[in-house]
>>> print(open('structure-v1.pdb').read())   # PDB, C-alpha atoms
ATOM      1  CA  MET O  15     104.615 123.839  14.423
ATOM      2  CA  ALA O  16     107.895 124.672  16.088
ATOM      3  CA  THR O  17     110.937 125.107  13.887
ATOM      4  CA  ARG O  18     114.442 124.514  15.099
ATOM      5  CA  TYR O  19     117.966 125.088  13.896
ATOM      6  CA  ILE O  20     120.829 123.328  15.659
ATOM      7  CA  GLN O  21     124.394 123.731  14.547
ATOM      8  CA  VAL O  22     127.814 122.795  15.901
ATOM      9  CA  GLN O  23     130.447 124.735  14.013
ATOM     10  CA  GLU O  24     133.946 126.176  14.147
ATOM     11  CA  SER O  25     132.995 129.435  12.496
ATOM     12  CA  ASP O  26     131.551 132.490  14.213
ATOM     13  CA  PHE O  27     127.845 133.383  14.005
ATOM     14  CA  ASP O  28     125.913 136.538  13.269
ATOM     15  CA  PHE O  29     123.433 137.208  16.073
ATOM     16  CA  ALA O  30     121.471 139.777  14.024
ATOM     17  CA  ALA O  31     120.994 137.378  11.108
ATOM     18  CA  HIS O  32     119.719 134.624  13.412
ATOM     19  CA  TYR O  33     117.460 137.056  15.241
ATOM     20  CA  GLU O  34     115.947 138.156  11.896
ATOM     21  CA  ALA O  35     115.484 134.509  10.866
ATOM     22  CA  ALA O  36     113.758 133.714  14.184
ATOM     23  CA  ARG O  37     111.577 136.790  13.834
ATOM     24  CA  LYS O  38     110.519 135.817  10.323
ATOM     25  CA  LEU O  39     109.878 132.174  11.253
ATOM     26  CA  GLY O  40     107.924 133.158  14.371
ATOM     27  CA  GLY O  41     105.589 135.246  12.228
ATOM     28  CA  THR O  42     102.590 136.975  13.714
ATOM     29  CA  ASP O  43     102.211 134.403  16.530
ATOM     30  CA  ALA O  44     105.504 135.391  18.128
ATOM     31  CA  GLY O  45     105.065 137.847  20.952
ATOM     32  CA  ALA O  46     108.605 137.481  22.286
ATOM     33  CA  ILE O  47     112.101 136.464  21.274
ATOM     34  CA  ALA O  48     114.689 135.808  23.985
ATOM     35  CA  GLY O  49     118.322 135.625  22.936
ATOM     36  CA  PHE O  50     121.496 134.653  24.760
ATOM     37  CA  VAL O  51     125.130 134.703  23.656
ATOM     38  CA  GLY O  52     127.942 133.154  25.703
ATOM     39  CA  LEU O  53     131.387 134.736  25.370
ATOM     40  CA  VAL O  54     134.953 133.677  26.213
ATOM     41  CA  ARG O  55     136.219 135.490  29.316
ATOM     42  CA  ASP O  56     139.882 136.079  29.966
ATOM     43  CA  HIS O  57     139.730 135.062  33.649
ATOM     44  CA  ASN O  58     141.428 131.835  34.567
ATOM     45  CA  LYS O  59     138.831 129.538  36.108
ATOM     46  CA  ILE O  60     141.264 127.029  37.523
ATOM     47  CA  ALA O  61     143.739 129.366  39.186
ATOM     48  CA  GLY O  62     140.851 131.646  40.162
ATOM     49  CA  ASP O  63     143.252 134.562  40.460
ATOM     50  CA  GLY O  64     142.171 136.419  37.345
ATOM     51  CA  SER O  65     145.275 135.377  35.449
ATOM     52  CA  GLU O  66     144.915 135.670  31.746
ATOM     53  CA  VAL O  67     143.348 132.959  29.605
ATOM     54  CA  ARG O  68     145.044 132.812  26.232
ATOM     55  CA  SER O  69     142.540 130.553  24.537
ATOM     56  CA  LEU O  70     139.739 128.091  25.084
ATOM     57  CA  THR O  71     139.474 124.901  23.048
ATOM     58  CA  LEU O  72     136.159 123.101  22.744
ATOM     59  CA  GLU O  73     136.017 119.446  21.844
ATOM     60  CA  HIS O  74     132.892 117.502  20.881
ATOM     61  CA  TYR O  75     131.717 114.061  19.763
ATOM     62  CA  PRO O  76     130.433 114.533  16.210
ATOM     63  CA  GLY O  77     126.939 113.118  15.840
ATOM     64  CA  MET O  78     126.335 112.529  19.513
ATOM     65  CA  THR O  79     126.819 116.198  20.397
ATOM     66  CA  GLU O  80     124.167 117.247  17.896
ATOM     67  CA  SER O  81     121.751 114.588  19.251
ATOM     68  CA  SER O  82     122.383 115.762  22.809
ATOM     69  CA  ILE O  83     121.329 119.295  21.803
ATOM     70  CA  GLU O  84     118.284 117.939  19.928
ATOM     71  CA  ALA O  85     117.234 116.150  23.134
ATOM     72  CA  ILE O  86     117.561 119.386  25.128
ATOM     73  CA  VAL O  87     115.415 121.261  22.602
ATOM     74  CA  ASP O  88     112.878 118.384  22.608
ATOM     75  CA  GLU O  89     112.522 118.794  26.350
ATOM     76  CA  ALA O  90     112.249 122.575  26.112
ATOM     77  CA  GLU O  91     109.485 122.194  23.499
ATOM     78  CA  SER O  92     107.645 119.761  25.753
ATOM     79  CA  ARG O  93     107.743 122.271  28.625
ATOM     80  CA  TRP O  94     106.876 125.510  26.820
ATOM     81  CA  PRO O  95     104.918 126.465  23.694
ATOM     82  CA  LEU O  96     107.846 127.461  21.494
ATOM     83  CA  LEU O  97     107.605 128.688  17.914
ATOM     84  CA  VAL O  98     111.290 128.872  17.002
ATOM     85  CA  THR O  99     114.467 127.585  18.626
ATOM     86  CA  ARG O 100     117.965 128.237  17.319
ATOM     87  CA  VAL O 101     121.067 126.879  19.037
ATOM     88  CA  ILE O 102     124.590 127.319  17.703
ATOM     89  CA  HIS O 103     127.560 125.988  19.653
ATOM     90  CA  ARG O 104     131.097 126.605  18.481
ATOM     91  CA  VAL O 105     133.986 124.141  18.726
ATOM     92  CA  GLY O 106     137.707 124.462  18.143
ATOM     93  CA  THR O 107     140.023 127.094  19.559
ATOM     94  CA  LEU O 108     138.484 130.400  20.646
ATOM     95  CA  LEU O 109     140.007 133.563  22.043
ATOM     96  CA  PRO O 110     138.841 135.936  24.800
ATOM     97  CA  GLU O 111     135.835 137.998  23.628
ATOM     98  CA  ASP O 112     134.882 135.365  21.024
ATOM     99  CA  GLN O 113     131.288 134.160  20.912
ATOM    100  CA  ILE O 114     130.861 130.519  22.022
ATOM    101  CA  VAL O 115     127.154 129.826  22.066
ATOM    102  CA  LEU O 116     123.892 131.270  20.772
ATOM    103  CA  VAL O 117     120.402 130.461  22.020
ATOM    104  CA  LEU O 118     117.362 132.151  20.486
ATOM    105  CA  VAL O 119     113.808 131.262  21.400
ATOM    106  CA  ALA O 120     110.573 132.705  20.009
ATOM    107  CA  SER O 121     107.267 132.157  21.750
ATOM    108  CA  GLY O 122     103.858 133.750  22.118
ATOM    109  CA  HIS O 123     104.753 135.228  25.488
ATOM    110  CA  ARG O 124     107.869 136.432  27.234
ATOM    111  CA  ASP O 125     107.599 134.044  30.200
ATOM    112  CA  ALA O 126     108.036 131.012  27.965
ATOM    113  CA  ALA O 127     110.772 132.640  25.858
ATOM    114  CA  PHE O 128     112.843 133.688  28.901
ATOM    115  CA  ALA O 129     112.375 130.390  30.732
ATOM    116  CA  ALA O 130     113.098 128.204  27.713
ATOM    117  CA  ALA O 131     116.260 130.142  26.806
ATOM    118  CA  GLU O 132     117.513 129.820  30.382
ATOM    119  CA  PHE O 133     116.598 126.127  30.513
ATOM    120  CA  ILE O 134     118.401 125.396  27.237
ATOM    121  CA  MET O 135     121.539 127.210  28.438
ATOM    122  CA  ASP O 136     121.514 125.408  31.802
ATOM    123  CA  TYR O 137     121.188 122.051  30.073
ATOM    124  CA  LEU O 138     123.849 122.911  27.471
ATOM    125  CA  LYS O 139     126.217 123.322  30.420
ATOM    126  CA  THR O 140     125.493 119.942  31.986
ATOM    127  CA  ARG O 141     124.050 117.665  29.275
ATOM    128  CA  ALA O 142     125.406 118.678  25.892
ATOM    129  CA  ILE O 143     128.486 116.720  24.869
ATOM    130  CA  PHE O 144     131.292 119.292  24.913
ATOM    131  CA  TRP O 145     134.542 119.658  26.815
ATOM    132  CA  LYS O 146     136.508 122.865  27.366
ATOM    133  CA  ARG O 147     140.241 123.175  27.804
ATOM    134  CA  GLU O 148     141.839 126.410  28.905
ATOM    135  CA  ALA O 149     145.286 127.576  27.846
ATOM    136  CA  SER O 150     146.877 130.025  30.273
ATOM    137  CA  ALA O 151     150.191 130.804  31.899
ATOM    138  CA  TYR O 152     149.642 127.544  33.836
ATOM    139  CA  GLY O 153     149.604 125.489  30.646
ATOM    140  CA  ASN O 154     146.650 123.558  29.283
ATOM    141  CA  GLN O 155     143.965 122.410  31.678
ATOM    142  CA  TRP O 156     140.578 120.763  31.204
ATOM    143  CA  ILE O 157     137.819 122.742  32.868
ATOM    144  CA  GLU O 158     135.846 120.941  35.579
ATOM    145  CA  SER O 159     132.077 121.236  35.753
ATOM    146  CA  THR O 160     130.972 123.578  38.512
ATOM    147  CA  GLY O 161     128.551 122.896  41.355
ATOM    148  CA  HIS O 162     126.689 126.018  40.311
ATOM    149  CA  ASP O 163     125.976 124.606  36.840
ATOM    150  CA  LEU O 164     124.858 121.266  38.266
ATOM    151  CA  GLU O 165     122.553 122.982  40.783
ATOM    152  CA  ARG O 166     120.895 125.033  38.069
ATOM    153  CA  SER O 167     120.328 121.939  35.986
ATOM    154  CA  GLU O 168     118.957 120.005  38.990
ATOM    155  CA  LYS O 169     116.532 122.816  39.729
ATOM    156  CA  TRP O 170     114.847 122.280  36.344
ATOM    157  CA  ARG O 171     114.766 118.520  36.800
ATOM    158  CA  ALA O 172     112.950 118.916  40.110
ATOM    159  CA  GLN O 173     110.485 121.269  38.480
ATOM    160  CA  PRO O 174     107.884 119.492  36.360
ATOM    161  CA  SER O 175     106.774 121.326  33.248
TER     162      SER O 175
ATOM    163  CA  MET X 163     126.694  83.093  17.997
ATOM    164  CA  ALA X 164     129.470  80.804  16.741
ATOM    165  CA  ALA X 165     128.100  80.907  13.189
ATOM    166  CA  LYS X 166     127.860  84.684  13.331
ATOM    167  CA  ALA X 167     131.438  84.955  14.516
ATOM    168  CA  GLU X 168     132.596  82.799  11.584
ATOM    169  CA  ASN X 169     130.728  84.957   9.102
ATOM    170  CA  GLY X 170     132.075  88.234  10.276
ATOM    171  CA  ALA X 171     134.333  88.244  13.281
ATOM    172  CA  GLY X 172     135.253  91.844  12.448
ATOM    173  CA  LYS X 173     131.693  92.971  13.043
ATOM    174  CA  MET X 174     131.795  91.758  16.628
ATOM    175  CA  THR X 175     134.759  93.975  17.388
ATOM    176  CA  LEU X 176     134.055  96.889  19.704
ATOM    177  CA  GLN X 177     135.357 100.291  18.672
ATOM    178  CA  ILE X 178     136.467 102.081  21.828
ATOM    179  CA  LYS X 179     136.823 105.874  21.869
ATOM    180  CA  PHE X 180     138.227 108.151  24.543
ATOM    181  CA  PHE X 181     137.389 111.844  24.765
ATOM    182  CA  ALA X 182     138.966 114.990  26.178
ATOM    183  CA  SER X 183     140.788 114.498  29.517
ATOM    184  CA  LEU X 184     140.283 110.711  29.341
ATOM    185  CA  ARG X 185     141.969 110.566  25.938
ATOM    186  CA  GLU X 186     144.931 112.432  27.404
ATOM    187  CA  SER X 187     145.034 110.148  30.454
ATOM    188  CA  VAL X 188     145.105 106.953  28.418
ATOM    189  CA  GLY X 189     147.311 108.478  25.726
ATOM    190  CA  ILE X 190     145.317 107.186  22.754
ATOM    191  CA  GLU X 191     142.136 108.165  20.963
ATOM    192  CA  THR X 192     140.717 104.800  19.903
ATOM    193  CA  LEU X 193     141.298 101.090  20.214
ATOM    194  CA  THR X 194     139.448  97.918  19.376
ATOM    195  CA  ALA X 195     138.387  95.183  21.783
ATOM    196  CA  GLU X 196     136.606  91.831  21.664
ATOM    197  CA  ALA X 197     134.158  91.643  24.544
ATOM    198  CA  SER X 198     130.445  91.181  25.170
ATOM    199  CA  SER X 199     130.338  92.361  28.767
ATOM    200  CA  MET X 200     131.913  95.069  30.868
ATOM    201  CA  LYS X 201     134.006  92.457  32.663
ATOM    202  CA  GLY X 202     135.620  91.396  29.388
ATOM    203  CA  LEU X 203     136.106  94.957  28.238
ATOM    204  CA  ARG X 204     137.633  96.047  31.533
ATOM    205  CA  GLU X 205     140.129  93.185  31.376
ATOM    206  CA  GLN X 206     141.139  94.098  27.844
ATOM    207  CA  LEU X 207     141.503  97.763  28.713
ATOM    208  CA  GLN X 208     143.693  96.844  31.678
ATOM    209  CA  ALA X 209     145.820  94.700  29.368
ATOM    210  CA  SER X 210     146.055  97.294  26.568
ATOM    211  CA  LEU X 211     146.562 100.350  28.777
ATOM    212  CA  SER X 212     148.334 100.628  32.099
ATOM    213  CA  SER X 213     146.030  99.538  34.932
ATOM    214  CA  GLU X 214     146.356 103.077  36.311
ATOM    215  CA  SER X 215     145.031 104.514  33.017
ATOM    216  CA  ALA X 216     142.251 101.950  32.881
ATOM    217  CA  ALA X 217     141.156 102.911  36.415
ATOM    218  CA  VAL X 218     140.663 106.537  35.314
ATOM    219  CA  LEU X 219     138.017 105.340  32.852
ATOM    220  CA  TYR X 220     135.898 103.996  35.709
ATOM    221  CA  ALA X 221     136.226 107.030  37.988
ATOM    222  CA  ASP X 222     133.224 108.927  39.350
ATOM    223  CA  GLY X 223     131.620 111.247  36.847
ATOM    224  CA  VAL X 224     132.645 109.230  33.794
ATOM    225  CA  GLN X 225     129.814 108.180  31.526
ATOM    226  CA  ILE X 226     129.877 105.880  28.549
ATOM    227  CA  ALA X 227     127.955 106.066  25.299
ATOM    228  CA  ILE X 228     127.110 102.935  23.363
ATOM    229  CA  ASN X 229     126.491 103.669  19.698
ATOM    230  CA  GLN X 230     126.235 107.317  20.724
ATOM    231  CA  LYS X 231     123.494 106.677  23.326
ATOM    232  CA  LEU X 232     124.396 107.807  26.810
ATOM    233  CA  ILE X 233     124.536 105.155  29.551
ATOM    234  CA  ALA X 234     124.671 107.137  32.753
ATOM    235  CA  GLU X 235     124.460 104.334  35.325
ATOM    236  CA  ASN X 236     125.054 100.646  35.951
ATOM    237  CA  TRP X 237     127.589 100.287  33.149
ATOM    238  CA  ARG X 238     130.416  99.677  35.621
ATOM    239  CA  CYS X 239     128.879  96.304  36.637
ATOM    240  CA  ASP X 240     130.787  93.266  35.390
ATOM    241  CA  ASP X 241     127.664  91.739  33.861
ATOM    242  CA  PHE X 242     126.683  94.868  31.923
ATOM    243  CA  GLU X 243     126.155  93.594  28.359
ATOM    244  CA  ILE X 244     127.688  95.380  25.406
ATOM    245  CA  THR X 245     126.082  95.141  21.969
ATOM    246  CA  PRO X 246     128.347  93.251  19.553
ATOM    247  CA  GLY X 247     130.200  95.568  17.203
ATOM    248  CA  ALA X 248     129.213  98.655  19.183
ATOM    249  CA  GLU X 249     131.063 101.946  19.350
ATOM    250  CA  VAL X 250     131.805 102.463  23.054
ATOM    251  CA  ALA X 251     132.870 105.963  24.066
ATOM    252  CA  PHE X 252     134.258 106.973  27.461
ATOM    253  CA  LEU X 253     133.179 110.522  28.284
ATOM    254  CA  PRO X 254     134.413 112.698  31.144
ATOM    255  CA  ARG X 255     132.009 115.202  32.772
ATOM    256  CA  VAL X 256     130.832 117.634  30.133
ATOM    257  CA  THR X 257     131.617 121.347  30.284
ATOM    258  CA  GLY X 258     129.833 122.987  27.381
ATOM    259  CA  GLY X 259     127.764 126.143  27.129
TER     260      GLY X 259
END
>>> encode(input="structure-v1.pdb", output="structure tokens")
Amino acid sequence: MATRYIQVQESDFDFAAHYEAARKLGGTDAGAIAGFVGLVRDHNKIAGDGSEVRSLTLEHYPGMTESSIEAIVDEAESRWPLLVTRVIHRVGTLLPEDQIVLVLVASGHRDAAFAAAEFIMDYLKTRAIFWKREASAYGNQWIESTGHDLERSEKWRAQPS
Amino acid sequence: MAAKAENGAGKMTLQIKFFASLRESVGIETLTAEASSMKGLREQLQASLSSESAAVLYADGVQIAINQKLIAENWRCDDFEITPGAEVAFLPRVTGG
């Protein structure tokens, strides 16, 4: 029985504590844990000239955002035999070097753990209900979704489980 | 429907929400509307907001959620039906992760 933990929060998270929790919950069936942490960069995406980003503000739709992540994890669980999934996504104002997102997946084998973690991240980019706004020397600007993110997401859609 | 409206007209009212860049474009976060189809809602949005702001809500890439369920396509049609009393959210392209 797969266990999951999904949280949208303003506060930071402790990777080591979540890794230990996943390890414990995975028990003796877990042969692999794949973990990913997304961080705030200080490069300006919009200007594209490396000018400094002062902060990143993430907005969400309480209730719907959590369900959108649940749906992503549902699909991951239908594609791979997962034992544990933990997803934490931060909202509010973050600074360069801050952690934004955590994905941890435990499975019997590394192939499933790697693939599921990558799948969940790709879908978080294109299907989870969040919006990012960058504050830089250019003022405040909403970030646009990138073709790269959409392509990665499409690749999974074209690939049956 | 007439009897239902008499009993609780307030319950038929749509709660409209705007998020992120769309909220900034229209200049408000929420409003209420009385409509049962997209045609009716569009007309009320055009009346309540500037028609320029209302047009932004129907731009490519915008999705709506009805009672927090995503409606990716077909919602721009005039005859698209909207559940009475629903929460209707206008969502720009998402950029999480």
>>> resolve_selection(input="structure-v1.pdb", expression="the ChimeraX specification (/X :<12) & /O", output="number ranges by chain")
O: 22, 50-54, 70-83, 85, 101-105, 113-117, 132-148, 154-161, 163-164
>>> write_last_selection(input="structure-v1.pdb", atoms="C-alpha atoms", output="CSV table (one decimal), in the frame of the given file")
chain,number,residue,atom,x,y,z
O,22,VAL,CA,127.8,122.8,15.9
O,50,PHE,CA,121.5,134.7,24.8
O,51,VAL,CA,125.1,134.7,23.7
O,52,GLY,CA,127.9,133.2,25.7
O,53,LEU,CA,131.4,134.7,25.4
O,54,VAL,CA,135.0,133.7,26.2
O,70,LEU,CA,139.7,128.1,25.1
O,71,THR,CA,139.5,124.9,23.0
O,72,LEU,CA,136.2,123.1,22.7
O,73,GLU,CA,136.0,119.4,21.8
O,74,HIS,CA,132.9,117.5,20.9
O,75,TYR,CA,131.7,114.1,19.8
O,76,PRO,CA,130.4,114.5,16.2
O,77,GLY,CA,126.9,113.1,15.8
O,78,MET,CA,126.3,112.5,19.5
O,79,THR,CA,126.8,116.2,20.4
O,80,GLU,CA,124.2,117.2,17.9
O,81,SER,CA,121.8,114.6,19.3
O,82,SER,CA,122.4,115.8,22.8
O,83,ILE,CA,121.3,119.3,21.8
O,85,ALA,CA,117.2,116.2,23.1
O,101,VAL,CA,121.1,126.9,19.0
O,102,ILE,CA,124.6,127.3,17.7
O,103,HIS,CA,127.6,126.0,19.7
O,104,ARG,CA,131.1,126.6,18.5
O,105,VAL,CA,134.0,124.1,18.7
O,113,GLN,CA,131.3,134.2,20.9
O,114,ILE,CA,130.9,130.5,22.0
O,115,VAL,CA,127.2,129.8,22.1
O,116,LEU,CA,123.9,131.3,20.8
O,117,VAL,CA,120.4,130.5,22.0
O,132,GLU,CA,117.5,129.8,30.4
O,133,PHE,CA,116.6,126.1,30.5
O,134,ILE,CA,118.4,125.4,27.2
O,135,MET,CA,121.5,127.2,28.4
O,136,ASP,CA,121.5,125.4,31.8
O,137,TYR,CA,121.2,122.1,30.1
O,138,LEU,CA,123.8,122.9,27.5
O,139,LYS,CA,126.2,123.3,30.4
O,140,THR,CA,125.5,119.9,32.0
O,141,ARG,CA,124.0,117.7,29.3
O,142,ALA,CA,125.4,118.7,25.9
O,143,ILE,CA,128.5,116.7,24.9
O,144,PHE,CA,131.3,119.3,24.9
O,145,TRP,CA,134.5,119.7,26.8
O,146,LYS,CA,136.5,122.9,27.4
O,147,ARG,CA,140.2,123.2,27.8
O,148,GLU,CA,141.8,126.4,28.9
O,154,ASN,CA,146.6,123.6,29.3
O,155,GLN,CA,144.0,122.4,31.7
O,156,TRP,CA,140.6,120.8,31.2
O,157,ILE,CA,137.8,122.7,32.9
O,158,GLU,CA,135.8,120.9,35.6
O,159,SER,CA,132.1,121.2,35.8
O,160,THR,CA,131.0,123.6,38.5
O,161,GLY,CA,128.6,122.9,41.4
O,163,ASP,CA,126.0,124.6,36.8
O,164,LEU,CA,124.9,121.3,38.3
>>> atom_distance(input="structure-v1.pdb", atom1="CA of Ala216 (chain X)", atom2="CA of Val188 (chain X)")
7.3 Å
>>> resolve_selection(input="structure-v1.pdb", expression="the PyMOL selection byres ((chain O and resi 55) around 9)", output="JSON, numbers by chain")
{"O": [53, 54, 56, 57, 58, 67, 109, 110, 111, 112]}
>>> write_last_selection(input="structure-v1.pdb", atoms="C-alpha atoms", output="PDB file, keeping the file's coordinate frame")
ATOM      1  CA  LEU O  53     131.387 134.736  25.370  1.00  0.00           C
ATOM      2  CA  VAL O  54     134.953 133.677  26.213  1.00  0.00           C
ATOM      3  CA  ASP O  56     139.882 136.079  29.966  1.00  0.00           C
ATOM      4  CA  HIS O  57     139.730 135.062  33.649  1.00  0.00           C
ATOM      5  CA  ASN O  58     141.428 131.835  34.567  1.00  0.00           C
ATOM      6  CA  VAL O  67     143.348 132.959  29.605  1.00  0.00           C
ATOM      7  CA  LEU O 109     140.007 133.563  22.043  1.00  0.00           C
ATOM      8  CA  PRO O 110     138.841 135.936  24.800  1.00  0.00           C
ATOM      9  CA  GLU O 111     135.835 137.998  23.628  1.00  0.00           C
ATOM     10  CA  ASP O 112     134.882 135.365  21.024  1.00  0.00           C
TER      11      ASP O 112
END
>>> atom_distance(input="structure-v1.pdb", atom1="CA of His32 (chain O)", atom2="CA of Gly49 (chain O)")
9.7 Å
>>> residues_around(input="structure-v1.pdb", residues="Thr245 (chain X)", least_positions_apart="2", cutoff="10 Å", atoms="all atoms listed in the file", output="PDB file with C-alpha atoms, keeping the file's coordinate frame")
ATOM      1  CA  MET X 174     131.795  91.758  16.628  1.00  0.00           C
ATOM      2  CA  THR X 175     134.759  93.975  17.388  1.00  0.00           C
ATOM      3  CA  LEU X 176     134.055  96.889  19.704  1.00  0.00           C
ATOM      4  CA  ALA X 197     134.158  91.643  24.544  1.00  0.00           C
ATOM      5  CA  SER X 198     130.445  91.181  25.170  1.00  0.00           C
ATOM      6  CA  SER X 199     130.338  92.361  28.767  1.00  0.00           C
ATOM      7  CA  ILE X 228     127.110 102.935  23.363  1.00  0.00           C
ATOM      8  CA  ASN X 229     126.491 103.669  19.698  1.00  0.00           C
ATOM      9  CA  PHE X 242     126.683  94.868  31.923  1.00  0.00           C
ATOM     10  CA  GLU X 243     126.155  93.594  28.359  1.00  0.00           C
ATOM     11  CA  GLY X 247     130.200  95.568  17.203  1.00  0.00           C
ATOM     12  CA  ALA X 248     129.213  98.655  19.183  1.00  0.00           C
ATOM     13  CA  GLU X 249     131.063 101.946  19.350  1.00  0.00           C
ATOM     14  CA  VAL X 250     131.805 102.463  23.054  1.00  0.00           C
TER      15      VAL X 250
END
>>> closest_residue(input="structure-v1.pdb", among="O:Arg124, O:Arg100, O:His162, O:Arg93", to="Leu39 (chain O)", atoms="only C-alpha atoms")
O:Arg100
>>> atom_distance(input="structure-v1.pdb", atom1="CA of Ala209 (chain X)", atom2="CA of Ile226 (chain X)")
19.5 Å
>>> axis_aligned_box(input="structure-v1.pdb", around="region 173-190 of chain X", padding_each_side="6 Å", output="AutoDock Vina command-line options")
--center_x 139.5 --center_y 103.4 --center_z 21.7 --size_x 27.6 --size_y 35.2 --size_z 29.4
>>> decode(input="structure-v1.pdb", residues="region 246-258 of chain X", atoms="N, CA, C and O atoms", output="mmCIF file, in the first residue's frame")
data_model
loop_
_atom_site.group_PDB
_atom_site.id
_atom_site.type_symbol
_atom_site.label_atom_id
_atom_site.label_comp_id
_atom_site.auth_asym_id
_atom_site.auth_seq_id
_atom_site.Cartn_x
_atom_site.Cartn_y
_atom_site.Cartn_z
ATOM 1 N N PRO X 246 -25.413 26.216 -11.314
ATOM 2 C CA PRO X 246 -25.882 27.310 -10.461
ATOM 3 C C PRO X 246 -25.096 27.371 -9.149
ATOM 4 O O PRO X 246 -24.791 26.335 -8.563
ATOM 5 N N GLY X 247 -24.758 28.565 -8.738
ATOM 6 C CA GLY X 247 -24.073 28.747 -7.463
ATOM 7 C C GLY X 247 -22.598 28.355 -7.472
ATOM 8 O O GLY X 247 -21.950 28.341 -6.429
ATOM 9 N N ALA X 248 -22.072 28.033 -8.631
ATOM 10 C CA ALA X 248 -20.693 27.535 -8.697
ATOM 11 C C ALA X 248 -19.653 28.619 -8.404
ATOM 12 O O ALA X 248 -19.916 29.812 -8.540
ATOM 13 N N GLU X 249 -18.475 28.139 -7.991
ATOM 14 C CA GLU X 249 -17.306 29.006 -7.888
ATOM 15 C C GLU X 249 -16.580 28.849 -9.228
ATOM 16 O O GLU X 249 -16.216 27.737 -9.608
ATOM 17 N N VAL X 250 -16.445 29.946 -9.949
ATOM 18 C CA VAL X 250 -15.797 29.901 -11.273
ATOM 19 C C VAL X 250 -14.488 30.669 -11.174
ATOM 20 O O VAL X 250 -14.480 31.860 -10.874
ATOM 21 N N ALA X 251 -13.373 29.966 -11.419
ATOM 22 C CA ALA X 251 -12.070 30.620 -11.296
ATOM 23 C C ALA X 251 -11.401 30.719 -12.664
ATOM 24 O O ALA X 251 -11.399 29.743 -13.422
ATOM 25 N N PHE X 252 -10.872 31.879 -12.973
ATOM 26 C CA PHE X 252 -10.103 32.083 -14.205
ATOM 27 C C PHE X 252 -8.624 31.947 -13.869
ATOM 28 O O PHE X 252 -8.104 32.688 -13.019
ATOM 29 N N LEU X 253 -7.956 31.001 -14.550
ATOM 30 C CA LEU X 253 -6.580 30.658 -14.216
ATOM 31 C C LEU X 253 -5.651 30.881 -15.406
ATOM 32 O O LEU X 253 -5.856 30.279 -16.457
ATOM 33 N N PRO X 254 -4.632 31.695 -15.245
ATOM 34 C CA PRO X 254 -3.641 31.805 -16.335
ATOM 35 C C PRO X 254 -2.782 30.531 -16.379
ATOM 36 O O PRO X 254 -2.894 29.688 -15.484
ATOM 37 N N ARG X 255 -1.936 30.413 -17.400
ATOM 38 C CA ARG X 255 -1.046 29.233 -17.495
ATOM 39 C C ARG X 255 -0.250 29.096 -16.205
ATOM 40 O O ARG X 255 0.297 30.084 -15.704
ATOM 41 N N VAL X 256 -0.161 27.866 -15.722
ATOM 42 C CA VAL X 256 0.512 27.634 -14.448
ATOM 43 C C VAL X 256 2.032 27.584 -14.623
ATOM 44 O O VAL X 256 2.522 27.230 -15.694
ATOM 45 N N THR X 257 2.728 27.952 -13.559
ATOM 46 C CA THR X 257 4.199 28.000 -13.612
ATOM 47 C C THR X 257 4.817 27.517 -12.303
ATOM 48 O O THR X 257 5.691 28.178 -11.736
ATOM 49 N N GLY X 258 4.340 26.374 -11.830
ATOM 50 C CA GLY X 258 4.869 25.873 -10.558
ATOM 51 C C GLY X 258 6.159 25.096 -10.717
ATOM 52 O O GLY X 258 6.820 25.167 -11.748
#
